[in-house]
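Structure file data_14.pdb with PDB, C-alpha atoms, pLDDT in the B column:
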```pdb
MODEL        1
ATOM      1  CA  VAL A   1     138.860 182.070 125.749  1.00 42.00           C
ATOM      2  CA  GLY A   2     136.613 178.989 125.425  1.00 46.00           C
ATOM      3  CA  ALA A   3     133.540 178.339 127.529  1.00 48.00           C
ATOM      4  CA  SER A   4     134.316 177.142 131.011  1.00 48.00           C
ATOM      5  CA  ALA A   5     133.959 173.421 131.626  1.00 54.00           C
ATOM      6  CA  SER A   6     131.011 174.098 133.911  1.00 62.00           C
ATOM      7  CA  ALA A   7     129.049 176.064 131.293  1.00 79.00           C
ATOM      8  CA  ARG A   8     125.507 174.760 130.959  1.00 80.00           C
ATOM      9  CA  GLN A   9     125.061 172.690 127.796  1.00 83.00           C
ATOM     10  CA  LEU A  10     121.673 173.292 126.206  1.00 86.00           C
ATOM     11  CA  PRO A  11     119.691 171.311 123.652  1.00 90.00           C
ATOM     12  CA  ILE A  12     117.800 173.071 120.849  1.00 91.00           C
ATOM     13  CA  TYR A  13     114.324 174.167 121.970  1.00 91.00           C
ATOM     14  CA  CYS A  14     113.435 176.349 118.995  1.00 87.00           C
ATOM     15  CA  VAL A  15     115.209 178.020 116.103  1.00 88.00           C
ATOM     16  CA  GLN A  16     115.283 181.785 115.556  1.00 86.00           C
ATOM     17  CA  ARG A  17     113.706 182.373 112.152  1.00 84.00           C
ATOM     18  CA  ASP A  18     112.378 185.448 110.394  1.00 87.00           C
ATOM     19  CA  GLN A  19     110.299 183.304 108.054  1.00 91.00           C
ATOM     20  CA  LYS A  20     107.146 181.623 109.363  1.00 95.00           C
ATOM     21  CA  LEU A  21     108.565 178.122 109.729  1.00 95.00           C
ATOM     22  CA  VAL A  22     107.412 175.606 112.311  1.00 96.00           C
ATOM     23  CA  SER A  23     108.553 172.073 113.052  1.00 96.00           C
ATOM     24  CA  ILE A  24     106.050 169.389 114.025  1.00 96.00           C
ATOM     25  CA  SER A  25     107.454 166.351 115.800  1.00 98.00           C
ATOM     26  CA  PHE A  26     106.085 163.118 117.202  1.00 98.00           C
ATOM     27  CA  ASP A  27     107.463 160.954 119.991  1.00 97.00           C
ATOM     28  CA  ALA A  28     106.712 157.243 119.637  1.00 96.00           C
ATOM     29  CA  ALA A  29     107.196 155.102 122.722  1.00 92.00           C
ATOM     30  CA  TRP A  30     103.939 153.175 122.959  1.00 91.00           C
ATOM     31  CA  GLY A  31     101.126 152.206 120.600  1.00 92.00           C
ATOM     32  CA  GLY A  32     101.153 152.181 116.816  1.00 94.00           C
ATOM     33  CA  ASP A  33      97.521 152.003 115.750  1.00 95.00           C
ATOM     34  CA  LYS A  34      97.161 155.729 114.972  1.00 96.00           C
ATOM     35  CA  THR A  35     100.463 156.072 113.109  1.00 97.00           C
ATOM     36  CA  LEU A  36      99.294 155.232 109.569  1.00 97.00           C
ATOM     37  CA  GLY A  37      96.364 157.645 109.925  1.00 97.00           C
ATOM     38  CA  ILE A  38      98.763 160.396 111.014  1.00 98.00           C
ATOM     39  CA  LEU A  39     101.056 159.604 108.063  1.00 98.00           C
ATOM     40  CA  ASP A  40      98.092 159.767 105.652  1.00 98.00           C
ATOM     41  CA  LEU A  41      97.080 163.119 107.123  1.00 97.00           C
ATOM     42  CA  LEU A  42     100.602 164.520 106.781  1.00 98.00           C
ATOM     43  CA  ASP A  43     100.674 163.295 103.151  1.00 98.00           C
ATOM     44  CA  GLU A  44      97.377 165.059 102.500  1.00 97.00           C
ATOM     45  CA  TYR A  45      98.961 168.398 103.451  1.00 97.00           C
ATOM     46  CA  ASN A  46     102.390 167.453 102.036  1.00 96.00           C
ATOM     47  CA  ILE A  47     104.040 168.017 105.421  1.00 97.00           C
ATOM     48  CA  LYS A  48     107.250 166.321 106.563  1.00 97.00           C
ATOM     49  CA  THR A  49     107.984 165.850 110.248  1.00 97.00           C
ATOM     50  CA  THR A  50     110.399 164.144 112.629  1.00 98.00           C
ATOM     51  CA  PHE A  51     109.357 160.993 114.477  1.00 98.00           C
ATOM     52  CA  PHE A  52     111.486 160.421 117.589  1.00 98.00           C
ATOM     53  CA  LEU A  53     111.383 156.666 118.130  1.00 98.00           C
ATOM     54  CA  VAL A  54     112.198 154.619 121.219  1.00 97.00           C
ATOM     55  CA  ASP A  55     113.895 151.364 120.239  1.00 97.00           C
ATOM     56  CA  ILE A  56     111.335 149.214 122.067  1.00 95.00           C
ATOM     57  CA  TRP A  57     108.800 150.815 119.660  1.00 97.00           C
ATOM     58  CA  THR A  58     110.951 150.255 116.557  1.00 97.00           C
ATOM     59  CA  GLN A  59     111.326 146.571 117.495  1.00 96.00           C
ATOM     60  CA  LYS A  60     107.566 146.182 117.915  1.00 97.00           C
ATOM     61  CA  TYR A  61     106.620 148.137 114.764  1.00 98.00           C
ATOM     62  CA  PRO A  62     109.412 147.695 112.181  1.00 98.00           C
ATOM     63  CA  GLU A  63     106.925 148.051 109.284  1.00 98.00           C
ATOM     64  CA  LEU A  64     105.835 151.443 110.615  1.00 98.00           C
ATOM     65  CA  VAL A  65     109.479 152.553 110.906  1.00 98.00           C
ATOM     66  CA  LYS A  66     109.951 151.654 107.221  1.00 98.00           C
ATOM     67  CA  GLU A  67     106.709 153.436 106.307  1.00 98.00           C
ATOM     68  CA  ILE A  68     107.726 156.647 108.135  1.00 98.00           C
ATOM     69  CA  VAL A  69     110.975 156.715 106.147  1.00 98.00           C
ATOM     70  CA  ALA A  70     109.309 155.704 102.851  1.00 98.00           C
ATOM     71  CA  ARG A  71     106.967 158.682 103.173  1.00 98.00           C
ATOM     72  CA  GLY A  72     109.875 161.081 103.540  1.00 98.00           C
ATOM     73  CA  HIS A  73     109.824 161.808 107.259  1.00 98.00           C
ATOM     74  CA  GLU A  74     112.881 162.028 109.471  1.00 98.00           C
ATOM     75  CA  ILE A  75     113.587 159.500 112.207  1.00 98.00           C
ATOM     76  CA  GLY A  76     114.985 160.905 115.426  1.00 98.00           C
ATOM     77  CA  ASN A  77     116.486 158.967 118.311  1.00 98.00           C
ATOM     78  CA  HIS A  78     114.397 158.825 121.507  1.00 98.00           C
ATOM     79  CA  SER A  79     116.688 156.251 123.249  1.00 97.00           C
ATOM     80  CA  THR A  80     116.588 152.479 123.483  1.00 97.00           C
ATOM     81  CA  SER A  81     114.568 151.971 126.682  1.00 96.00           C
ATOM     82  CA  HIS A  82     113.206 155.469 127.568  1.00 96.00           C
ATOM     83  CA  PRO A  83     115.259 155.972 130.764  1.00 97.00           C
ATOM     84  CA  GLN A  84     116.013 159.163 132.653  1.00 97.00           C
ATOM     85  CA  MET A  85     119.223 159.897 130.764  1.00 97.00           C
ATOM     86  CA  SER A  86     120.661 162.244 133.407  1.00 97.00           C
ATOM     87  CA  LYS A  87     120.958 159.282 135.793  1.00 98.00           C
ATOM     88  CA  LEU A  88     123.189 157.320 133.379  1.00 97.00           C
ATOM     89  CA  ASN A  89     126.969 157.345 132.978  1.00 97.00           C
ATOM     90  CA  GLU A  90     128.723 158.089 129.661  1.00 97.00           C
ATOM     91  CA  THR A  91     128.879 154.447 128.555  1.00 97.00           C
ATOM     92  CA  GLN A  92     125.193 153.857 129.319  1.00 98.00           C
ATOM     93  CA  ILE A  93     124.169 157.054 127.496  1.00 98.00           C
ATOM     94  CA  ALA A  94     126.160 156.048 124.403  1.00 98.00           C
ATOM     95  CA  LYS A  95     124.607 152.567 124.489  1.00 98.00           C
ATOM     96  CA  GLU A  96     121.059 154.012 124.779  1.00 97.00           C
ATOM     97  CA  LEU A  97     121.752 156.161 121.731  1.00 98.00           C
ATOM     98  CA  ASN A  98     123.633 153.762 119.517  1.00 98.00           C
ATOM     99  CA  THR A  99     121.549 150.621 120.070  1.00 97.00           C
ATOM    100  CA  GLN A 100     118.481 152.521 118.857  1.00 97.00           C
ATOM    101  CA  ALA A 101     120.351 154.087 115.912  1.00 98.00           C
ATOM    102  CA  ASP A 102     121.883 150.766 114.820  1.00 98.00           C
ATOM    103  CA  ASN A 103     118.467 149.108 114.896  1.00 97.00           C
ATOM    104  CA  VAL A 104     116.791 151.912 112.917  1.00 98.00           C
ATOM    105  CA  LEU A 105     119.612 151.656 110.367  1.00 98.00           C
ATOM    106  CA  ALA A 106     119.098 147.886 110.096  1.00 98.00           C
ATOM    107  CA  ILE A 107     115.306 148.245 109.734  1.00 98.00           C
ATOM    108  CA  ALA A 108     114.972 151.324 107.526  1.00 97.00           C
ATOM    109  CA  GLY A 109     118.415 152.106 106.104  1.00 97.00           C
ATOM    110  CA  VAL A 110     118.779 155.486 107.823  1.00 97.00           C
ATOM    111  CA  ARG A 111     120.654 156.478 110.944  1.00 97.00           C
ATOM    112  CA  PRO A 112     119.184 159.184 113.198  1.00 98.00           C
ATOM    113  CA  VAL A 113     121.216 162.358 113.769  1.00 97.00           C
ATOM    114  CA  LEU A 114     118.786 164.060 116.186  1.00 97.00           C
ATOM    115  CA  PHE A 115     118.202 162.929 119.761  1.00 97.00           C
ATOM    116  CA  ARG A 116     115.319 163.849 122.036  1.00 97.00           C
ATOM    117  CA  PRO A 117     115.942 162.861 125.677  1.00 97.00           C
ATOM    118  CA  PRO A 118     113.056 160.915 127.223  1.00 95.00           C
ATOM    119  CA  TYR A 119     110.955 163.080 129.575  1.00 93.00           C
ATOM    120  CA  GLY A 120     112.985 166.046 128.304  1.00 93.00           C
ATOM    121  CA  ASP A 121     115.461 165.010 131.023  1.00 95.00           C
ATOM    122  CA  TYR A 122     119.096 165.936 130.405  1.00 95.00           C
ATOM    123  CA  ASN A 123     122.232 167.360 131.977  1.00 95.00           C
ATOM    124  CA  ASN A 124     125.602 168.444 130.540  1.00 95.00           C
ATOM    125  CA  ARG A 125     126.794 164.829 130.359  1.00 96.00           C
ATOM    126  CA  VAL A 126     123.780 163.800 128.234  1.00 96.00           C
ATOM    127  CA  VAL A 127     124.229 166.716 125.793  1.00 96.00           C
ATOM    128  CA  GLU A 128     128.013 166.271 125.570  1.00 96.00           C
ATOM    129  CA  VAL A 129     127.895 162.493 125.049  1.00 97.00           C
ATOM    130  CA  SER A 130     125.105 162.735 122.491  1.00 96.00           C
ATOM    131  CA  ARG A 131     127.068 165.359 120.522  1.00 96.00           C
ATOM    132  CA  ALA A 132     130.262 163.270 120.766  1.00 97.00           C
ATOM    133  CA  GLU A 133     128.278 160.299 119.378  1.00 97.00           C
ATOM    134  CA  GLY A 134     127.056 162.388 116.447  1.00 96.00           C
ATOM    135  CA  TYR A 135     123.611 163.556 117.572  1.00 97.00           C
ATOM    136  CA  GLU A 136     122.166 166.997 118.145  1.00 95.00           C
ATOM    137  CA  CYS A 137     119.871 167.213 121.178  1.00 95.00           C
ATOM    138  CA  VAL A 138     116.424 168.559 120.298  1.00 95.00           C
ATOM    139  CA  GLN A 139     113.694 169.351 122.795  1.00 96.00           C
ATOM    140  CA  TRP A 140     110.549 171.352 121.997  1.00 96.00           C
ATOM    141  CA  SER A 141     109.208 174.833 122.624  1.00 96.00           C
ATOM    142  CA  ILE A 142     105.526 173.834 122.582  1.00 97.00           C
ATOM    143  CA  ASP A 143     104.178 170.756 124.357  1.00 96.00           C
ATOM    144  CA  SER A 144     100.740 169.917 122.957  1.00 97.00           C
ATOM    145  CA  LEU A 145     100.069 167.921 126.178  1.00 97.00           C
ATOM    146  CA  ASP A 146      98.255 165.438 123.926  1.00 96.00           C
ATOM    147  CA  TRP A 147      99.585 162.621 126.125  1.00 94.00           C
ATOM    148  CA  LYS A 148      97.297 163.857 128.921  1.00 95.00           C
ATOM    149  CA  ASP A 149      94.292 162.858 126.752  1.00 92.00           C
ATOM    150  CA  ILE A 150      93.024 166.450 126.643  1.00 95.00           C
ATOM    151  CA  SER A 151      90.439 167.170 123.928  1.00 97.00           C
ATOM    152  CA  ALA A 152      91.344 167.959 120.318  1.00 97.00           C
ATOM    153  CA  SER A 153      90.186 171.558 120.785  1.00 97.00           C
ATOM    154  CA  GLU A 154      92.383 171.969 123.887  1.00 97.00           C
ATOM    155  CA  ILE A 155      95.365 170.548 121.989  1.00 97.00           C
ATOM    156  CA  SER A 156      94.722 172.956 119.096  1.00 97.00           C
ATOM    157  CA  GLU A 157      94.330 175.943 121.391  1.00 97.00           C
ATOM    158  CA  ARG A 158      97.553 175.133 123.289  1.00 96.00           C
ATOM    159  CA  VAL A 159      99.573 174.868 120.081  1.00 97.00           C
ATOM    160  CA  LEU A 160      98.085 177.751 118.099  1.00 97.00           C
ATOM    161  CA  LYS A 161      98.205 180.181 121.038  1.00 97.00           C
ATOM    162  CA  ARG A 162     101.934 179.574 121.533  1.00 96.00           C
ATOM    163  CA  VAL A 163     103.305 179.085 118.022  1.00 96.00           C
ATOM    164  CA  GLN A 164     105.838 181.532 116.591  1.00 95.00           C
ATOM    165  CA  PRO A 165     108.446 181.349 113.812  1.00 95.00           C
ATOM    166  CA  GLY A 166     110.961 178.606 114.651  1.00 95.00           C
ATOM    167  CA  SER A 167     108.740 176.743 117.144  1.00 96.00           C
ATOM    168  CA  ILE A 168     109.208 173.002 117.625  1.00 97.00           C
ATOM    169  CA  VAL A 169     105.904 171.348 118.553  1.00 97.00           C
ATOM    170  CA  LEU A 170     105.732 168.067 120.472  1.00 97.00           C
ATOM    171  CA  PHE A 171     103.001 165.535 119.727  1.00 97.00           C
ATOM    172  CA  HIS A 172     102.767 161.791 120.407  1.00 97.00           C
ATOM    173  CA  ASN A 173     101.828 159.313 117.683  1.00 96.00           C
ATOM    174  CA  ALA A 174      99.653 157.272 120.047  1.00 95.00           C
ATOM    175  CA  ALA A 175      97.854 160.060 121.937  1.00 95.00           C
ATOM    176  CA  LYS A 176      94.081 159.719 121.910  1.00 95.00           C
ATOM    177  CA  HIS A 177      92.974 163.001 120.302  1.00 97.00           C
ATOM    178  CA  THR A 178      96.032 163.968 118.229  1.00 96.00           C
ATOM    179  CA  PRO A 179      94.702 162.669 114.873  1.00 96.00           C
ATOM    180  CA  GLU A 180      91.521 164.681 115.437  1.00 97.00           C
ATOM    181  CA  ALA A 181      93.439 167.848 116.421  1.00 97.00           C
ATOM    182  CA  LEU A 182      96.026 167.838 113.623  1.00 97.00           C
ATOM    183  CA  PRO A 183      93.928 168.933 110.600  1.00 97.00           C
ATOM    184  CA  GLY A 184      92.696 172.093 112.338  1.00 97.00           C
ATOM    185  CA  ILE A 185      96.183 172.921 113.629  1.00 98.00           C
ATOM    186  CA  ILE A 186      97.780 172.364 110.220  1.00 97.00           C
ATOM    187  CA  GLU A 187      95.093 174.341 108.375  1.00 97.00           C
ATOM    188  CA  SER A 188      95.363 177.260 110.813  1.00 97.00           C
ATOM    189  CA  LEU A 189      99.159 177.326 110.496  1.00 97.00           C
ATOM    190  CA  LEU A 190      99.011 177.186 106.694  1.00 96.00           C
ATOM    191  CA  ALA A 191      96.341 179.904 106.599  1.00 97.00           C
ATOM    192  CA  ASP A 192      98.608 182.025 108.818  1.00 96.00           C
ATOM    193  CA  GLY A 193     101.420 181.666 106.279  1.00 96.00           C
ATOM    194  CA  TYR A 194     103.485 178.990 108.038  1.00 96.00           C
ATOM    195  CA  THR A 195     105.587 176.390 106.295  1.00 94.00           C
TER     196      THR A 195
ENDMDL
END
```

Any chance you could give the structure as structure tokens?
Amino acid sequence: VGASASARQLPIYCVQRDQKLVSISFDAAWGGDKTLGILDLLDEYNIKTTFFLVDIWTQKYPELVKEIVARGHEIGNHSTSHPQMSKLNETQIAKELNTQADNVLAIAGVRPVLFRPPYGDYNNRVVEVSRAEGYECVQWSIDSLDWKDISASEISERVLKRVQPGSIVLFHNAAKHTPEALPGIIESLLADGYT
């Protein structure tokens, strides 16, 4: 017997892993001035991440979109206009997803297959439509809260206290103290045996 039609559809929040693997991700919806510095830092440690881009950001920073891809990182879909997806109908959801994906494809030659709902806001309709359109919904299990402009040490403490194998960590490319917090977080994770 299949799942009932009313069964709650869930995005991926983390992945059960025995190995010490962690996924670092960045949402990009505003500001681009810290992005190259973050990319340089990731290169330094040879770390690949996923950047979830809002289309208004990709239109404003097409060179950065190309640079993210050129450096071997994955582009995820973070919608076209950063709406509350649960308030949209099926057609609107599909348009939010596919306009962004088409534009990323045109700019950088890749089409996103992961989707992170803005504000982490979703319902069954959002998950079902995104899957039907070819995307897997991905949230996060650790919010760095970097967008609240908390200090680098607070960001580090939040992440390192909560991390476990299979965690997905949320950062923002334009948050004030993220570039300062990342080296310590990365070095601690590597020292602890994480990939």

Atomic separation - atom CA of Leu21 of chain A relative to atom CA of Ile168 of chain A, Å:
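Pair atom CA of Ile168 of chain A / atom CA of Leu21 of chain A returns 9.4 Å.
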
Students should find that atom CA of Phe51 of chain A and atom CA of Gly76 of chain A are spaced 5.7 Å

Between A:Lys60, A:Lys34, A:Lys161, A:His78, which has the minimum distance to Ala174 of chain A (counting all atoms listed in the file)?
A:Lys34

Starting from the shown file, work through the PyMOL selection byres ((chain A and resi 45) around 10) and note down what comes out as a PDB file with C-alpha atoms, in the coordinates of the input.
```
ATOM      1  CA  ASP A  40      98.092 159.767 105.652  1.00 98.00           C
ATOM      2  CA  LEU A  41      97.080 163.119 107.123  1.00 97.00           C
ATOM      3  CA  LEU A  42     100.602 164.520 106.781  1.00 98.00           C
ATOM      4  CA  ASP A  43     100.674 163.295 103.151  1.00 98.00           C
ATOM      5  CA  GLU A  44      97.377 165.059 102.500  1.00 97.00           C
ATOM      6  CA  ASN A  46     102.390 167.453 102.036  1.00 96.00           C
ATOM      7  CA  ILE A  47     104.040 168.017 105.421  1.00 97.00           C
ATOM      8  CA  LYS A  48     107.250 166.321 106.563  1.00 97.00           C
ATOM      9  CA  PRO A 183      93.928 168.933 110.600  1.00 97.00           C
ATOM     10  CA  ILE A 186      97.780 172.364 110.220  1.00 97.00           C
ATOM     11  CA  GLU A 187      95.093 174.341 108.375  1.00 97.00           C
ATOM     12  CA  LEU A 190      99.011 177.186 106.694  1.00 96.00           C
TER      13      LEU A 190
END
```

Do a neighbour search on Asn77 of chain A at 8 Å with only C-alpha atoms, toss out local chain neighbours closer than 6 positions, and write the hits as a PDB file with C-alpha atoms, in the coordinates of the input.
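Below is the file that was written, around-v2.pdb:
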```pdb
ATOM      1  CA  PHE A  52     111.486 160.421 117.589  1.00 98.00           C
ATOM      2  CA  LEU A  53     111.383 156.666 118.130  1.00 98.00           C
ATOM      3  CA  VAL A  54     112.198 154.619 121.219  1.00 97.00           C
ATOM      4  CA  LEU A  97     121.752 156.161 121.731  1.00 98.00           C
ATOM      5  CA  GLN A 100     118.481 152.521 118.857  1.00 97.00           C
ATOM      6  CA  ALA A 101     120.351 154.087 115.912  1.00 98.00           C
ATOM      7  CA  PRO A 112     119.184 159.184 113.198  1.00 98.00           C
ATOM      8  CA  VAL A 113     121.216 162.358 113.769  1.00 97.00           C
ATOM      9  CA  LEU A 114     118.786 164.060 116.186  1.00 97.00           C
ATOM     10  CA  PHE A 115     118.202 162.929 119.761  1.00 97.00           C
ATOM     11  CA  ARG A 116     115.319 163.849 122.036  1.00 97.00           C
TER      12      ARG A 116
END
```

Å distance separating atom CA of Val159 of chain A from atom CA of Gly184 of chain A, one decimal place
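The value is 10.7 Å.
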
Counting all atoms listed in the file, what is within 8 Å of Arg111 of chain A, bar same-chain residues fewer than 4 positions away, as JSON, numbers by chain?
{"A": [75, 101, 102, 104, 105]}

Using all atoms listed in the file and a cutoff of 10 Å, can you tell me which residues are near (104.0, 171.9, 128.1) in the file's coordinates, and write them out as a PyMOL selection string?
chain A and resi 140-146+158-159+169-170

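Between Leu64 of chain A and the candidates A:Asp27, A:Asp18, A:Asp33, A:Glu136, the tightest atom-to-atom separation, counting all atoms listed in the file, involves A:Asp33.
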
Excluding segment 56-58 of chain A and any residue of its chain fewer than 5 positions from it, enumerate the residues within 7 Å of it, using only C-alpha atoms, and give them as a CSV table (one decimal) with C-alpha atoms, keeping the file's coordinate frame.
```csv
chain,number,residue,atom,x,y,z
A,28,ALA,CA,106.7,157.2,119.6
A,29,ALA,CA,107.2,155.1,122.7
A,30,TRP,CA,103.9,153.2,123.0
A,65,VAL,CA,109.5,152.6,110.9
A,80,THR,CA,116.6,152.5,123.5
A,81,SER,CA,114.6,152.0,126.7
```

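Among the candidates A:Ile38, A:Val69, A:Val126, A:Ala191, the one nearest to Thr178 of chain A when counting all atoms listed in the file is A:Ile38.
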
Pick the closest to Ala108 of chain A from A:Val138, A:Ala175, A:Val22, A:Ile68: which is it, counting all atoms listed in the file?
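Result for the nearest residue to Ala108 of chain A: A:Ile68.
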
Residues at most 10 Å from Ile93 of chain A, counting only C-alpha atoms, excluding those fewer than 6 positions away in the same chain, as a list in words?
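Surrounding residues, per the criterion: Ser79, Thr80, Pro83, Gln84, Met85, Ser86, Lys87, Arg125, Val126, Val127, Val129, Ser130 and Glu133 of chain A.
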
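On the file presented, the PyMOL selection byres ((chain A and resi 180) around 10) picks out Ile38, Ser151, Ala152, Ser153, Ile155, Ser156, Lys176, His177, Thr178, Pro179, Ala181, Leu182, Pro183, Gly184 and Ile185 of chain A.
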
Box time for segment 115-125 of chain A: axis-aligned, enclosing all its listed atoms, 6 Å extra on each side; report centre and edge lengths in Å to one decimal, as AutoDock Vina command-line options.
```
--center_x 118.9 --center_y 164.7 --center_z 125.9 --size_x 27.8 --size_y 19.5 --size_z 24.2
```

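Shortest atom-to-atom contact with Arg17 of chain A among A:Pro165, A:His172, A:Tyr122, A:Arg131: A:Pro165, counting all atoms listed in the file.
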
Taking only C-alpha atoms into account, which of A:Pro117, A:Gly72, A:Thr35, A:Tyr194 comes nearest Gly166 of chain A?
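The answer is A:Tyr194, which sits nearest to Gly166 of chain A.
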